[in-house]
Amino acid sequence: MAKSARGEPLIVMAGVEKFFGAFQALHGISLTVHSGEVLVIVGPSGSGKSTLCRCINRLETIDAGRIMIDGEPLPEEGRALARLRAEVGMVFQSFNLFAHKTALENVILGPTKVKRIPREAAERQGRELLDRVGVGAKAGSYPAQLSGGQQQRVAIARALAMEPKAILFDEPTSALDPEYIAEVLDVMAGLARDGMTMVVVTHEMGFARRAADRIVFMADGRILEEGAPENFFDSPRTQRARDFLARILTN
Amino acid sequence: MAKSARGEPLIVMAGVEKFFGAFQALHGISLTVHSGEVLVIVGPSGSGKSTLCRCINRLETIDAGRIMIDGEPLPEEGRALARLRAEVGMVFQSFNLFAHKTALENVILGPTKVKRIPREAAERQGRELLDRVGVGAKAGSYPAQLSGGQQQRVAIARALAMEPKAILFDEPTSALDPEYIAEVLDVMAGLARDGMTMVVVTHEMGFARRAADRIVFMADGRILEEGAPENFFDSPRTQRARDFLARILTN
Amino acid sequence: MGVITDNLGLYADGLLGTLKICALVAVAALVLGIVLAGFRVSPVPPLRAVGTAYVTLVRNCPLTIVLFAFAFGLPEVGVNGSYFIFGAAGLTIYTAAFVCEAVRSGIGAVDTGQAEAARSIGLTFSQSLRLVILPQAIRAVIPPLGNVAIAMVKNSAIVGAFGVGGELYSVANTLNGARGEPALPVYAGVVLGYLIIIIPAGLLLLAAEKRFRVAR
Amino acid sequence: MSGSVLHDVPGPRGRRRIAIASAVAALALIGLGALVIRRLAANGQFNSGKWSPLFNPGDKDFPDVWRLLGGGLLHTLTAAALAAVFSLVFGVLIAMSRISAARWYRWAVVGAVELLRGVPVVIAVFFAAQVLPAYGVRLPLLWYIVIGLTAYNSVVISEIVRAGVLAVPKGQTEAASALGLTRGQTLRVILLPQAFRSMLPALLSQLVVIIKDTSLGAFISYEELLRRGLITVQTLHNPIQTYLLLAAIFILINYLVTRLAIYLEARLSGRRSGRPVPG
Amino acid sequence: GSSGSTTGTPASAQSKPTFPANTTMARLAAAGKITVGTKFDQPLFGLKGLDSKVAGFDVEIAKIISAGLGIKQDDITFVETPSAQREGAIQQGKVDFVVATYTINDKRKQLVSFAGPYYQAGQDLMVKKDNTTITGPESLRAANAKVCSVSGSTPAEKIKDYVDGSKIVLFDVYSKCADALRTGQVDAVTTDNVILLGLIDAGGGAFKLVGKPFTTEPYGIGIKKGDVAFCQFIDSQLTAASADGRYARAWESTAGKVARATPSLPALTACS
Ligand SMILES: Nc1ncnc2c1ncn2[C@@H]1O[C@H](COP(=O)(O)OP(=O)(O)OP(=O)(O)O)[C@@H](O)[C@H]1O
Ligand SMILES: Nc1ncnc2c1ncn2[C@@H]1O[C@H](COP(=O)(O)OP(=O)(O)OP(=O)(O)O)[C@@H](O)[C@H]1O
Ligand SMILES: [Mg+2]
Ligand SMILES: [Mg+2]
């Protein structure tokens with residue numbers, strides 16, 4: 001399932017360190033995500049997966065190292081930062097749909113307010129995207145009226161609406177009832193097939209094996225392993241990874 | 001893995017109906033749980049699994065039908081009800097440890113206050129139980145200081161401390177981070193092996209297949225199927241069950 | 001500012017008087033409020049109705065009217081007392097409604113799951129109340145109850161404005177009204193007096209909240 | 001139905017006990033009511049002279065009384081409306097400056113807020129009415145009550161607004177940032193609208209407080225409803241009846257405001273708490 | 001109730017009076033309107049009625065003075081000045097003068113000036129209508145009477161000169177004394193006669209005033225401190241009203257309905 005051609009480097013992290021107070025959450029992270037690549041990050045709870053993701057679009061600041069997006073250093077603030085963020089989409093564990101706006105309004109907010117696309121065009125595009133993720137019928141519903149799976153698909157459509165160069169997914173299915181997980185993973189697999197650059201933090205090992213081009217295994221804020229899915233799952237090199245896989249694959 | 005000998009009927013439900021206002025949550029439920037049996041209830045969200053569980057120890061009252069525990073009708077109130085409840089343990093999805101008490105205090109509260117066991121003996125037994133579920137080191141910790149998996153294991157120890165005839169588990173792993181699921185399921189599988197009578201509502205199909213003596217499939221407040229795990233998983237009879245399994249087993 | 005230093009004794013007496021009213025009302029309103037909260041969560045419908053009616057009526061009625069009704073209404077039906085008693089009684093009646101709501105919300109803040117867990121290990125009603133619900137409810141009740149207490153201190157000024165002598169508010173009346181001292185320093189002194197009570201009370205409340213939060 | 005936090009669902013014995021307790025409580029209430037009525041009657045409180053000017057349109061004093069009280073009610077509502085509007089405006093401004101203030105002057109804002117919160121409203125009103133004129137600020141009495149109420153309530157409202165904005169889940173801000181919205185856009189488009197909805201009940205409760213506190217105007221001779229009520233009592237000598245009426249008016253108004261709060265809360269959260277519709 | 005009295009309109013006030021420039025009188029006359037502080041809750045002297053008009057002897061005095069300035073009744077704005085706020089209201093210019101059962105004393109004179117006095121109040125006794133044994137404070141001891149007053153008040157202190165402490169009953173408000181008198185728990189109530197008159201009015205004919213004041217409380221008209229010209233003007237108006245009967249009519253249409261004797265204008269004190 002992995003795509004063959006490897007594109008240009010799109011996200012480059014070099015020697016990234018991150019502290020929360022005295023606690024170091026990331027230790028010298030260096031990682032390159034190529035255009036069109038699907039990178040899946042796995043690892044035990046608290047290993048820094050979310051932190052890594054959030055650093056990429058600067059929801060967290062970093063304390064050392066560099067992050068480059070499409071060849072440019074990550075801006076530190078202001079409009080430049082806002083523009084960069086619009087180019088890297090993000091999908092959260094808890095959906096974070098705007099609670100006071102309908103599905104469609106959620107999707108067109110970015111295009112109309114940030115990209116200043118006329119409302120009509122934005123709505124047309126928004127409806128297409130909602131159709132694409134399979135919730136076209138729910139355009140007028142508020143988040144609270146949607147199931148978790150539907151909400152997360154709207155959130156994906158919202159990210160897509162900005163036509164980002166890459167999308168970060170931070171445990172997109174962890175907050176879902178089991179029966180809704182599949183529908184969200186399906187949409188993500190579809191995006192992967194369509195060539196979207198994706199960084200995915202997940203505990204869904206089935207998805208990781210099927211959809212990932214590369215797996216990164218983190219523990220204690222460090223990248224311990226990195227490689228093709230079949231290598232990682234079938235012959236993990238470190239004891240930590242073996243333990244982790246043993247625990248998570250039991251059920 | 002299923003135990004061979006079938007014990008006496010311990011929990012008997014006959015024609016149980018339950019309404020929430022005008023909404024009927026349970027339709028004519030008849031079900032017998034035998035001593036030493038592990039019964040797993042599965043079904044889509046909102047199908048009435050939790051309600052069924054909660055009726056058994058009268059956290060919900062029923063509107064029609066009968067429930068018998070160990071040959072006696074379920075008492076309706078007072079000391080008799082309290083005594084019965086002490087004989088049927090319950091483990092909740094959200095743990096419900098007493099927030100103002102340490103792990104050990106949680107475990108010994110029932111024995112000292114209900115069974116009037118001297119505090120010292122209760123503490124000794126409590127520590128043994130905490131050891132048995134693998135959280136002996138956390139005896140002095142408050143719930144907020146424990147991980148979800150640890151909290152749920154303390155909750156199981158608390159239920160065990162009353163030496164119940166049966167334990168009801170209502171989605172005991174749904175609120176857990178994925179990596180903690182296994183440790184709780186392991187404890188439950190251990191109990192099952194030791195011959196505890198268990199009614200388990202769960203979405204963990206792996207556990208259901210391995211540990212259950214019998215599977216009950218519910219939808220819309222009705223029991224649609226009932227049978228041995230291998231029969232249910234490999235050849236579900238109803239379309240509802242097939243749909244449910246298809247959705248939940250995708251990942 | 002000379003007015004304040006010249007009349008320190010008067011201000012000190014006023015402060016004491018306010019504290020006296022507040023202490024009395026605090027105890028009485030706490031008792032009445034808890035009884036009412038008991039009514040409101042009781043399974044007995046008429047008691048619930050009484051609790052609800054009391055809270056709805058009293059909370060929506062200005063304290064001023066409660067006070068006037070007590071001081072000038074009750075004597076009409078032969079109930080006599082001093083302004084101090086009437087003032088304290090009126091403030092008690094008023095404050096109790098808020099105490100009741102604070103206590104009720106504290107009980108409501110306890111997760112139903114806690115009660116269900118208590119029941120499912122076989123604790124009886126009184127045991128689960130004593131061992132599980134109340135200990136947690138009390139923690140949840142402290143912050144709102146503290147705010148009610150602070151509001152009560154401030155409301156005692158209305159009791160003062162209404163004619164009970166010897167508390168902080170009446171100091172302003174004596175100095176500014178009767179003696180014609182300039183208003184600004186006189187009132188500044190009175191405000192200071194209230195702050196002397198309210199700021200430490202607020203800090204105490206904060207400390208209590210923190211302490212009980214850590215203890216879980 | 002499921003039991004409450006306190007009580008299990010009662011069984012037959014429990015239901016019987018509740019029924020008996022209900023009967024006893026109801027009897028006690030009736031007895032109490034009877035006692036009160038007897039006491040009132042014994043003291044001549046049911047004499048029509050005490051009620052008729054207030055409630056009987058045929059009474060010769062009725063038009064005068066209601067012209068007086070009606071005007072008072074109008075004054076009450078005017079003062080409440082002005083105080084509410086000013087408090088809301090200043091409250092939002094204070095909250096915004098507290099959220100976005102530079103460190104050194106945030107300290108000053110917090111200090112002022114805490115100071116004002118510690119001042120009894122009645123003192124604030126008197127302060128306005130006594131101190132301002134002494135410094136040459138002479139205004140109609142209405143404005144002293146409005147100023148006093150605004151001073152107090154705007155800081156309370158600022159805390160409500162601040163808490164409301166801070167209570168919007170962090171994820172909403174993050175999602176907005178991730179879309180590329182600027183800080184200002186996030187505040188305007190995402191945070192304030194959501195905060196406003198969650199604040200509405202608290203704001204309306206504060207409106208109840210303001211309405212009640214207008215009655216402090218009686219102490220500075222502002223002829224709002226209570227002061228006018230005191231004036232009618234001087235002539236009619238019927239304090240019990242008049243205070244009952246005044247209380248009823250205030251309670252009715254405030255009850256309606258409270259109902260409105262509950263209604264709006266239900267309406268606004270209806271969209272947010274509706275059960276997901278599968279499919 | 002209101003009095004349709006015409007005491008404020010003297011025969012001479014038809015033509016506009018003239019005053020020396022830069023005096024308070026000139027200013028007020030030119031403005032054609034005036035603001036007067038009075039009580040709104042003192043029966044018979046200054047009481048706001050159901051018709052929203054203030055009525056009473058103080059109000060009539062205010063009308064007499066205003067009429068002297070050529071100001072019509074309808075152009076007088078009455079503002080409530082409770083006891084504690086009278087000096088402030090005058091000093092801050094909220095009112096042009098105050099007629100509000102305002103006892104002249106030295107402490108107040110340091111803050112404001114007084115014209116008048118226009119009435120000599122004094123501590124008196126109130127008894128039941130049919131009581132004949134109590135004729136004055138000296139008769140109390142002989143009648144073995146219990147006397148009621150308000151705790152902490154000046155009258156409660158003064159009455160100790162006439163009866164034993166054990167015979168004095170103290171409440172916190174006068175209305176309770178009236179109740180006690182009605183039910184026979186006490187035999188007399190003592191305080192300023194003006195307040196007693198109000199109680200008698202409210203008592204519906206059950207009480208009467210003994211009419212032997214044994215202290216003197218001269219009621220003055222408070223004006224800005226040092227406004228001698230205005231003080232003298234007011235005094236002249238009082239004197240004129242006393243002479244032409246408007247003063248007596250003012251009393252008779254108000255407090256006189258309850259008090260038997262119509263007072264005569266007390267000797268005026270010099271303006272300073
Ligand atoms: N805002 C914060 N303040 C302090 N510590 C934090 C903060 N956010 C994260 N951490 C800590 O940093 C470490 C890494 O957290 P992170 O959320 O990145 O882990 P994760 O791998 O995403 O875990 P999970 O699988 O539980 O989501 C954890 O130990 C966490 O407690
Ligand atoms: N207290 C209640 N009041 C009203 N309706 C209720 C209540 N509890 C449950 N229900 C309804 O009863 C039905 C069955 O609920 P129940 O919680 O038993 O389902 P479940 O099978 O446990 O679902 P899940 O897998 O989501 O836990 C649902 O439609 C639910 O909305
Ligand atoms: Mg994470
Ligand atoms: Mg359930």
# chains A, B, ... in the order shown; residues from 1 in each chain; ligands from 1

call {"tool": "residues_around", "arguments": {"residues": "region 175-179 of chain D", "least_positions_apart": "4", "cutoff": "6 Å", "atoms": "only C-alpha atoms", "output": "JSON, numbers by chain"}}
result
{"A": [85, 86, 110], "D": [171]}

call {"tool": "write_last_selection", "arguments": {"atoms": "C-alpha atoms", "output": "short mmCIF file (atom, residue, chain, number, x, y, z; two decimals), in the first residue's frame"}}
result
data_model
loop_
_atom_site.label_atom_id
_atom_site.label_comp_id
_atom_site.auth_asym_id
_atom_site.auth_seq_id
_atom_site.Cartn_x
_atom_site.Cartn_y
_atom_site.Cartn_z
CA ARG A 85 -0.67 27.23 10.17
CA ALA A 86 -3.19 27.48 7.40
CA GLY A 110 -11.10 29.16 7.40
CA GLY D 171 -9.25 23.04 21.93
#

call {"tool": "residues_near_ligand", "arguments": {"ligand": "ligand 2", "cutoff": "10 Å", "atoms": "only C-alpha atoms and all ligand atoms", "output": "number ranges by chain"}}
result
A: 177-179; B: 18-26, 41-55, 60, 93, 170-171, 174, 201-203, 218-221; D: 1-3, 275

call {"tool": "interface_residues", "arguments": {"of": "chain C", "to": "chain B", "cutoff": "7 Å", "atoms": "only C-alpha atoms", "output": "list in words"}}
result
Gly113, Gln114, Glu116, Ala117, Arg119, Ser120, Ile121, Gly122, Leu123, Thr124, Val132, Gln136 and Arg216 of chain C

call {"tool": "residues_around", "arguments": {"residues": "region 121-128 of chain D", "least_positions_apart": "5", "cutoff": "8 Å", "atoms": "only C-alpha atoms", "output": "ChimeraX atom specification"}}
result
/C:154,157-158,161,169,183-184,187,191 /D:133,144-145,147-149,151-152,213,216-217,220

call {"tool": "residues_around", "arguments": {"residues": "region 44-47 of chain C", "least_positions_apart": "4", "cutoff": "10 Å", "atoms": "only C-alpha atoms", "output": "ChimeraX atom specification"}}
result
/C:36,38-40,51-53 /D:15,17-27,29

call {"tool": "closest_residue", "arguments": {"among": "D:Leu268, D:Ala218, D:Ala247, D:Leu207", "to": "chain A", "atoms": "only C-alpha atoms"}}
result
D:Leu268

call {"tool": "atom_distance", "arguments": {"atom1": "CA of Ala151 (chain C)", "atom2": "CA of Pro185 (chain C)"}}
result
24.0 Å
